[in-house]
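> Pasting a structure below so you can have a look.
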Amino acid sequence: MRFAAKRAGEHVGRLSLVALVAALVVVGIGGIDAVAERSMADGAARMLADAEPAARSIRVVAAGASDPGAQDTEVRAAISTAFAGIDVDVTRRSGLEAAAETTNGTAFALRLLDDERIPELAVLTDGEWPQSPDQIALPAPAAERQQLGIGDTVALVRDGTPFILVGTWAAEDPEDAAWVGDPAVVSGESDGAIGPAVVARGALNGLTSAPTATWEIAPVGAQPGDLVALQRAVTRLRDLPDVIDPQRQHNTRVLGGLGDTLQRQSAAVAATRGLLVAPLLIIALLGALVLGAVLATLSTVRREELVLLRARGASGRRLALGAAGEATVFAAAGAALALAGLAVATGVTPSALLTAAGTVAFSGVAAGFLAVRTASRADVVRTETLRSDAGARPPMMLLLVAGVVAGLAALSAWQLFATGTVVRADGTPEPLAAAAPALLLVAVCLLGPVGIGPLAALAERLVRRTRGITPILPVRQIARRMGSVAVAILCLALAAASMALAVAAPAAADAAEQRTRTALLGGDVRMITEDGLDAVAGAAATWSGVTDTAEVLRTPLTVGSDTAILVAGPPEALGFADPIPAGADGTVAAEITQSLADRLGAAPGTVFTARVRSVARPVSIEVVRIVEALPGVGDGLGVAADPEELRTAGADLPANELWLRSDAPEETAAQLRAQATQPVRILTAAQVSAAPVVSVAPALLTTGALVASGLGVIGFLAASSAATRARRDERLVLRALGLGLSHQRMLRAGEIVSVAVYAVLVGAVLGAGVAAAVLPIVLGLGA
């Protein structure tokens with residue numbers, strides 16, 4: 001034991017470097033993984049909380065049965081079956097819309113609502129909550145619209161049932177998922193009906209008209225690991241009407257946009273995880289390379305000692321165990337220190353424990369193997385007196401590894417570029433496409449060691465005719481010693497590529513976010529109606545903070561067997577520098593997306609026939625320009641036209657969307673919600689953005705790049721040091737040729753700097769190329 005400790009003490013510097021590398025690997029992989037999982041969980045929860053109210057839950061809607069209790073039990077049982085094993089919150093409400101009149105004979109439509117959650121969702125502004133079946137409480141704006149006060153009576157025309165107004169209220173949060181985006185909660189009116197008038201529990205069951213029952217299912221939490229299970233449960237729930245109401249006696253149906261929100265969350269999580277595979281994989285590879293280089297240097301330094309011990313009878317097994325033991329101890333110390341730091345800072349995840357175990361095991365196995373290999377080369381001195389250069393061909397092992405990684409990268413890239421997404425059609429992640437950034441980075445970095453030999457050989461030819469040994473010697477050494485510089489180049493190239501990806505990620509994320517907003521909003525705020533815009537559209541232009549408004553028609557367009565999206569509105573709203581040129585007589589001039597042009601085989605001047613929904617006569621459309629994407633459509637199948645030309649062609653449809661640009665989008669959205677008196681959807685960036693999850697990637701890519709840079713520098717220096725020690729025989733030869741030690745050191749330094757510059761440039765350029773190719777696809781989640 002004392003002998004082993006003394007041997008280790010003589011090389012404590014290099015063994016401490018093993019501990020440092022192990023700590024960096026564990027901290028890098030474990031820390032990034034822990035922060036990523038926590039941040040993605042928080043981001044996914046934010047995406048759900050910021051989604052449209054109607055897109056935070058899924059609802060089962062049915063006409064009330066004669067036995068409400070039995071119907072409720074049956075529906076809840078079906079919901080439990082669909083969401084088996086998933087924690088969801090199920091609530092029931094019932095509502096009814098009926099003709100009503102006040103005591104002075106004013107007739108209006110009244111919406112009644114029975115929901116036990118109302119005291120939690122709203123606050124009284126006057127009076128009290130209903131306590132008996134003949135009482136109601138109205139939103140304050142609804143009472144004002146009908147000039148009703150506390151104590152006034154409202155009677156249902158059909159039933160003759162009188163209701164006494166006992167209270168007025170205001171919603172705590174009009175955007176709460178429980179209100180499902182109902183504009184009447186704020187304005188007091190929706191689609192011509194006043195309300196919702198809150199009634200006492202069970203008050204609707206005694207009326208002549210059957211109320212409509214709604215069961216709202218909302219996930220208690222949307223952790224990244226639960227998204228796939230939730231999506232499958234939502235799909236299973238779609239079959240509920242066929243199970244409990246096959247004859248549609250109660251018009252049972254499933255509504256709500258929770259599935260779309262889950263799809264956005266899954267896409268964001270899959271893209272982020274795919275990007276974060278790159279730094280994790282690079283750190284793992286660099287860790288293995290650097291540990292190998294440090295331990296190889298240690299074995300080289302101990303060469304004479306190992307050969308002597310072997311000559312004195314020490315078995316290879318004993319030498320291996322000794323070397324493995326000391327490397328394991330130091331690696332374990334570094335890993336333990338890293339785990340302790342992670343436990344305090346971010347928490348220890350299973351991946352951190354696996355990384356620590358793998359790093360310690362690799363260190364021990366590599367140290368034992370290298371010690372035995374070094375000791376067994378009894379002819380090492382005789383071998384080193386011969387030429388040790390490897391020729392201009394790269395090592396076969398390097399070519400083999402490069403070929404395998406290139407094949408995997410090509411397959412992954414093909415999957416990514418062919419599908420254009422990292423999520424499958426069913427909403428589950430596509431691992432092969434998501435791994436494309438990591439595999440491509442590693443593959444292109446392997447080109448560095450493979451390519452330096454031919455490049456150095458070419459440079460050698462160019463400087464061969466120069467006089468003196470100084471210009472040609474470093475180039476020749478690089479060209480003929482590819483095996484000795486391969487690891488050094490790969491270490492720095494991987495670090496530089498990782499840094500290039502990290503530098504490119506924020507700009508790519510911002511560009512993707514902007515494309516998503518343009519495709520899904522058309523501006524800062526988007527209001528979508530079903531039957532056309534009302535007076536709110538004109539009033540919005542005068543609101544504080546609103547800088548521009550555009551009334552836009554957006555409707556399905558049937559082109560052959562495909563369905564495209566037609567948008568028509570002001571040129572500036574559709575992003576056109578100039579108005580769309582007029583088409584020939586009888587045709588509508590239009591811009592179309594590249595995807596539709598590819599689908600139709602169209603070019604500028606092509607005329608095709610399409611049908612606008614709800615318009616009987618087909619419309620002839622002439623392609624005047626082809627663009628990559630359209631506002632409100634994205635890069636899908638889309639057509640943009642002038643509203644006047646559509647009217648001339650017989651497609652006289654009113655605008656059904658309002659696109660606004662605002663300095664305060666959330667305030668403008670709140671104003672729209674307060675003024676709306678018909679069913680509307682109001683979208684802002686918060687409702688369509690994947691930034692809460694995707695924004696995790698740039699910061700963690702930078703962290704990973706910093707760790708990779710540290711490992712890359714250590715690996716480069718260790719590999720260069722090992723290569724220098726392997727060429728000690730050159731000193732006497734070069735001195736005989738007239739080169740002093742200082743001159744030799746200068747040449748060696750120039751050689752090392754040249755290799756370093758080459759590695760950094762190759763890694764940075766190729767890494768930037770990979771980033772430019774894959775980041776727009778991986779991050780382009782919504783556009």
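In the structure tokens, chains take letters A, B, ... by order of appearance, with residues numbered from 1 within each chain and ligands from 1 in the order shown.
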Contacts of Glu657 (chain A) at 12 Å or less, counting only C-alpha atoms, minus same-chain residues fewer than 6 places along, as a ChimeraX atom specification?

/A:521-523,525-534,536-537,549-555,567-569,573,632,680-683

> Return the single residue from A:Pro431, A:Ile452, A:Val401, A:Leu24 that is closest to Ala331 (chain A), with distances computed using only C-alpha atoms.

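Using only C-alpha atoms, Ala331 (chain A) sits closest to A:Leu24.
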
> Quick one: of A:Pro162, A:Gly95, A:Gly105, A:Gly586, who's nearest to Asp134 (chain A), counting only C-alpha atoms?

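Closest residue, counting only C-alpha atoms: A:Pro162.
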
> Do a neighbour search on region 407-422 of chain A at 7 Å with only C-alpha atoms, toss out local chain neighbours closer than 4 positions, and write the hits as a PDB file with C-alpha atoms, in the first residue's frame.


```pdb
ATOM      1  CA  ALA A 267     -42.989  19.871 -29.669  1.00  0.00           C
ATOM      2  CA  ALA A 270     -38.817  17.445 -27.839  1.00  0.00           C
ATOM      3  CA  ALA A 271     -36.974  20.266 -29.615  1.00  0.00           C
ATOM      4  CA  GLY A 403     -17.858   6.486 -41.080  1.00  0.00           C
ATOM      5  CA  PRO A 429     -41.254  12.914 -29.866  1.00  0.00           C
ATOM      6  CA  GLU A 430     -39.229  11.684 -32.849  1.00  0.00           C
ATOM      7  CA  LEU A 432     -33.994  10.201 -34.453  1.00  0.00           C
ATOM      8  CA  ALA A 433     -34.837  13.670 -35.787  1.00  0.00           C
ATOM      9  CA  ALA A 434     -34.255  15.295 -32.399  1.00  0.00           C
ATOM     10  CA  ALA A 435     -30.757  13.792 -32.216  1.00  0.00           C
ATOM     11  CA  ALA A 436     -29.736  15.344 -35.559  1.00  0.00           C
ATOM     12  CA  LEU A 439     -24.927  13.641 -34.350  1.00  0.00           C
ATOM     13  CA  LEU A 440     -24.196  16.194 -37.063  1.00  0.00           C
ATOM     14  CA  ALA A 443     -19.785  13.912 -37.506  1.00  0.00           C
ATOM     15  CA  ILE A 777     -36.236  23.452 -38.244  1.00  0.00           C
ATOM     16  CA  VAL A 778     -35.823  22.299 -34.651  1.00  0.00           C
TER      17      VAL A 778
END
```

> Report, in Å to a single decimal, how far apart CA of Val25 (chain A) and CA of Ser709 (chain A) are.

11.8 Å

> So that I can see what lies close to Val198 (chain A), please list as number ranges by chain the residues with an atom at most 7 Å from it, counting only C-alpha atoms and leaving out residues fewer than 3 positions away in the same chain.

A: 112-114, 136-138

> Compare A:Ala496, A:Ala361, A:Leu566, A:Val269 by their minimum atom-to-atom distance to Gly43 (chain A), counting only C-alpha atoms, and give me the closest one.

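Closest candidate: A:Val269.
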
> Residues near region 147-151 of chain A, anyone? I mean within 10 Å using only C-alpha atoms, not counting same-chain ones fewer than 3 positions away, as JSON, numbers by chain.

{"A": [102, 126, 127, 128, 135, 136, 137, 138, 140, 141, 142, 143, 144, 154, 163, 164, 165, 166, 167, 168]}

> Output C-alpha atoms for every residue in that selection, as a PDB file, in the first residue's frame.


```
ATOM      1  CA  THR A 102     -88.289  41.996 -17.224  1.00  0.00           C
ATOM      2  CA  ASP A 126     -73.253  43.957  -4.689  1.00  0.00           C
ATOM      3  CA  GLY A 127     -75.771  41.781  -2.879  1.00  0.00           C
ATOM      4  CA  GLU A 128     -75.254  38.067  -2.238  1.00  0.00           C
ATOM      5  CA  GLN A 135     -82.672  33.709  -7.203  1.00  0.00           C
ATOM      6  CA  ILE A 136     -79.970  34.774  -9.678  1.00  0.00           C
ATOM      7  CA  ALA A 137     -76.774  36.840  -9.655  1.00  0.00           C
ATOM      8  CA  LEU A 138     -75.678  38.638 -12.825  1.00  0.00           C
ATOM      9  CA  ALA A 140     -72.372  43.770 -13.168  1.00  0.00           C
ATOM     10  CA  PRO A 141     -72.111  44.733 -16.897  1.00  0.00           C
ATOM     11  CA  ALA A 142     -75.053  42.444 -17.715  1.00  0.00           C
ATOM     12  CA  ALA A 143     -77.218  44.077 -15.055  1.00  0.00           C
ATOM     13  CA  GLU A 144     -76.276  47.484 -16.424  1.00  0.00           C
ATOM     14  CA  VAL A 154     -86.760  38.430 -14.434  1.00  0.00           C
ATOM     15  CA  PHE A 163     -86.007  34.903 -10.780  1.00  0.00           C
ATOM     16  CA  ILE A 164     -85.094  37.634  -8.320  1.00  0.00           C
ATOM     17  CA  LEU A 165     -81.776  39.399  -8.833  1.00  0.00           C
ATOM     18  CA  VAL A 166     -79.992  39.117  -5.479  1.00  0.00           C
ATOM     19  CA  GLY A 167     -76.415  39.971  -6.453  1.00  0.00           C
ATOM     20  CA  THR A 168     -73.984  41.224  -9.051  1.00  0.00           C
TER      21      THR A 168
END
```

> Any idea what's packed within 6 Å of region 231-241 of chain A, counting only C-alpha atoms, ignoring anything in its chain fewer than 5 positions away? Could you give it as a VMD selection string?

chain A and resid 82 to 83 252 to 253

> Find the spatial neighbours of Ala288 (chain A), counting only C-alpha atoms, within a cut-off of 10 Å - ignore same-chain residues fewer than 2 positions away - and output them as a list in words.

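Answer for this query is Val21, Ala22, Val25, Ile282, Ile283, Ala284, Leu285, Leu286, Val290, Leu291, Gly292, Ala293, Gly358, Thr359, Phe362, Ser363, Ala366, Leu711 and Gly715 of chain A.
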
> Store the residues picked out above in a file with all heavy atoms, as a short mmCIF file (atom, residue, chain, number, x, y, z; two decimals), in the first residue's frame.


```cif
data_model
loop_
_atom_site.label_atom_id
_atom_site.label_comp_id
_atom_site.auth_asym_id
_atom_site.auth_seq_id
_atom_site.Cartn_x
_atom_site.Cartn_y
_atom_site.Cartn_z
N VAL A 21 -11.05 16.43 -14.45
CA VAL A 21 -11.83 16.09 -15.64
C VAL A 21 -13.10 15.34 -15.25
O VAL A 21 -14.19 15.61 -15.77
CB VAL A 21 -10.98 15.26 -16.62
CG1 VAL A 21 -11.84 14.73 -17.77
CG2 VAL A 21 -9.83 16.09 -17.16
N ALA A 22 -12.98 14.40 -14.32
CA ALA A 22 -14.16 13.66 -13.86
C ALA A 22 -15.19 14.61 -13.26
O ALA A 22 -16.40 14.49 -13.52
CB ALA A 22 -13.75 12.60 -12.84
N VAL A 25 -16.95 16.61 -16.05
CA VAL A 25 -17.91 15.80 -16.80
C VAL A 25 -19.19 15.60 -15.99
O VAL A 25 -20.31 15.76 -16.51
CB VAL A 25 -17.29 14.44 -17.18
CG1 VAL A 25 -18.35 13.52 -17.77
CG2 VAL A 25 -16.15 14.63 -18.16
N ILE A 282 -21.34 15.88 -26.41
CA ILE A 282 -19.99 16.43 -26.61
C ILE A 282 -19.19 16.39 -25.31
O ILE A 282 -18.00 16.05 -25.30
CB ILE A 282 -20.08 17.86 -27.16
CG1 ILE A 282 -20.53 17.80 -28.63
CG2 ILE A 282 -18.75 18.59 -27.05
CD1 ILE A 282 -20.78 19.15 -29.26
N ILE A 283 -19.84 16.72 -24.19
CA ILE A 283 -19.13 16.64 -22.91
C ILE A 283 -18.72 15.21 -22.61
O ILE A 283 -17.60 14.95 -22.14
CB ILE A 283 -20.02 17.20 -21.78
CG1 ILE A 283 -20.16 18.72 -21.93
CG2 ILE A 283 -19.45 16.88 -20.41
CD1 ILE A 283 -21.17 19.33 -20.98
N ALA A 284 -19.61 14.25 -22.89
CA ALA A 284 -19.27 12.85 -22.64
C ALA A 284 -18.10 12.41 -23.53
O ALA A 284 -17.17 11.75 -23.06
CB ALA A 284 -20.48 11.97 -22.89
N LEU A 285 -18.14 12.77 -24.81
CA LEU A 285 -17.05 12.39 -25.71
C LEU A 285 -15.74 13.06 -25.32
O LEU A 285 -14.67 12.42 -25.30
CB LEU A 285 -17.41 12.77 -27.15
CG LEU A 285 -18.45 11.90 -27.85
CD1 LEU A 285 -18.77 12.47 -29.21
CD2 LEU A 285 -17.94 10.48 -27.99
N LEU A 286 -15.83 14.35 -25.01
CA LEU A 286 -14.62 15.05 -24.60
C LEU A 286 -14.06 14.47 -23.30
O LEU A 286 -12.84 14.35 -23.12
CB LEU A 286 -14.90 16.54 -24.43
CG LEU A 286 -14.96 17.36 -25.71
CD1 LEU A 286 -15.43 18.77 -25.42
CD2 LEU A 286 -13.60 17.39 -26.38
N VAL A 290 -10.38 13.19 -23.17
CA VAL A 290 -9.42 13.86 -22.29
C VAL A 290 -8.88 12.89 -21.25
O VAL A 290 -7.67 12.87 -20.97
CB VAL A 290 -10.08 15.08 -21.61
CG1 VAL A 290 -9.13 15.71 -20.61
CG2 VAL A 290 -10.48 16.10 -22.66
N LEU A 291 -9.75 12.09 -20.65
CA LEU A 291 -9.27 11.10 -19.70
C LEU A 291 -8.29 10.13 -20.36
O LEU A 291 -7.25 9.78 -19.79
CB LEU A 291 -10.44 10.33 -19.10
CG LEU A 291 -11.28 11.07 -18.05
CD1 LEU A 291 -12.50 10.25 -17.67
CD2 LEU A 291 -10.44 11.36 -16.81
N GLY A 292 -8.63 9.72 -21.59
CA GLY A 292 -7.72 8.84 -22.32
C GLY A 292 -6.38 9.50 -22.57
O GLY A 292 -5.32 8.88 -22.42
N ALA A 293 -6.43 10.79 -22.96
CA ALA A 293 -5.17 11.50 -23.24
C ALA A 293 -4.34 11.69 -21.99
O ALA A 293 -3.11 11.50 -22.00
CB ALA A 293 -5.49 12.85 -23.88
N GLY A 358 -20.05 5.96 -14.59
CA GLY A 358 -19.41 5.68 -15.86
C GLY A 358 -18.04 6.32 -15.97
O GLY A 358 -17.10 5.71 -16.51
N THR A 359 -17.90 7.54 -15.45
CA THR A 359 -16.60 8.22 -15.51
C THR A 359 -15.56 7.48 -14.67
O THR A 359 -14.41 7.28 -15.11
CB THR A 359 -16.75 9.67 -15.01
OG1 THR A 359 -17.72 10.34 -15.80
CG2 THR A 359 -15.43 10.41 -15.09
N PHE A 362 -14.73 4.14 -16.41
CA PHE A 362 -13.90 4.36 -17.61
C PHE A 362 -12.47 4.70 -17.22
O PHE A 362 -11.51 4.21 -17.85
CB PHE A 362 -14.50 5.48 -18.44
CG PHE A 362 -13.69 5.83 -19.67
CD1 PHE A 362 -13.82 5.10 -20.84
CD2 PHE A 362 -12.76 6.87 -19.64
CE1 PHE A 362 -13.08 5.41 -21.96
CE2 PHE A 362 -12.00 7.18 -20.75
CZ PHE A 362 -12.16 6.45 -21.91
N SER A 363 -12.30 5.53 -16.21
CA SER A 363 -10.95 5.91 -15.78
C SER A 363 -10.16 4.68 -15.34
O SER A 363 -8.98 4.51 -15.71
CB SER A 363 -11.02 6.92 -14.64
OG SER A 363 -11.70 8.09 -15.05
N ALA A 366 -9.48 2.35 -18.48
CA ALA A 366 -8.50 2.94 -19.39
C ALA A 366 -7.11 2.95 -18.79
O ALA A 366 -6.12 2.64 -19.46
CB ALA A 366 -8.94 4.37 -19.74
N LEU A 711 -12.86 21.34 -21.13
CA LEU A 711 -12.39 19.98 -21.41
C LEU A 711 -11.56 19.94 -22.69
O LEU A 711 -10.56 19.21 -22.77
CB LEU A 711 -13.59 19.04 -21.54
CG LEU A 711 -14.35 18.73 -20.24
CD1 LEU A 711 -15.63 17.97 -20.54
CD2 LEU A 711 -13.47 17.93 -19.29
N GLY A 715 -7.85 18.60 -22.94
CA GLY A 715 -7.56 17.48 -23.82
C GLY A 715 -6.52 17.82 -24.87
O GLY A 715 -5.65 16.99 -25.19
#
```

> Restricting the calculation to only C-alpha atoms: of A:Leu204, A:Val546, A:Ala699, A:Ala616, which residue gets closest to Thr668 (chain A)?

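Among A:Leu204, A:Val546, A:Ala699, A:Ala616, it is A:Val546 that comes nearest to Thr668 (chain A).
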
> Mind pulling up the distance from CA of Ala203 (chain A) to CA of Pro133 (chain A)?

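Between CA of Pro133 (chain A) and CA of Ala203 (chain A) the gap works out to 4.6 Å.
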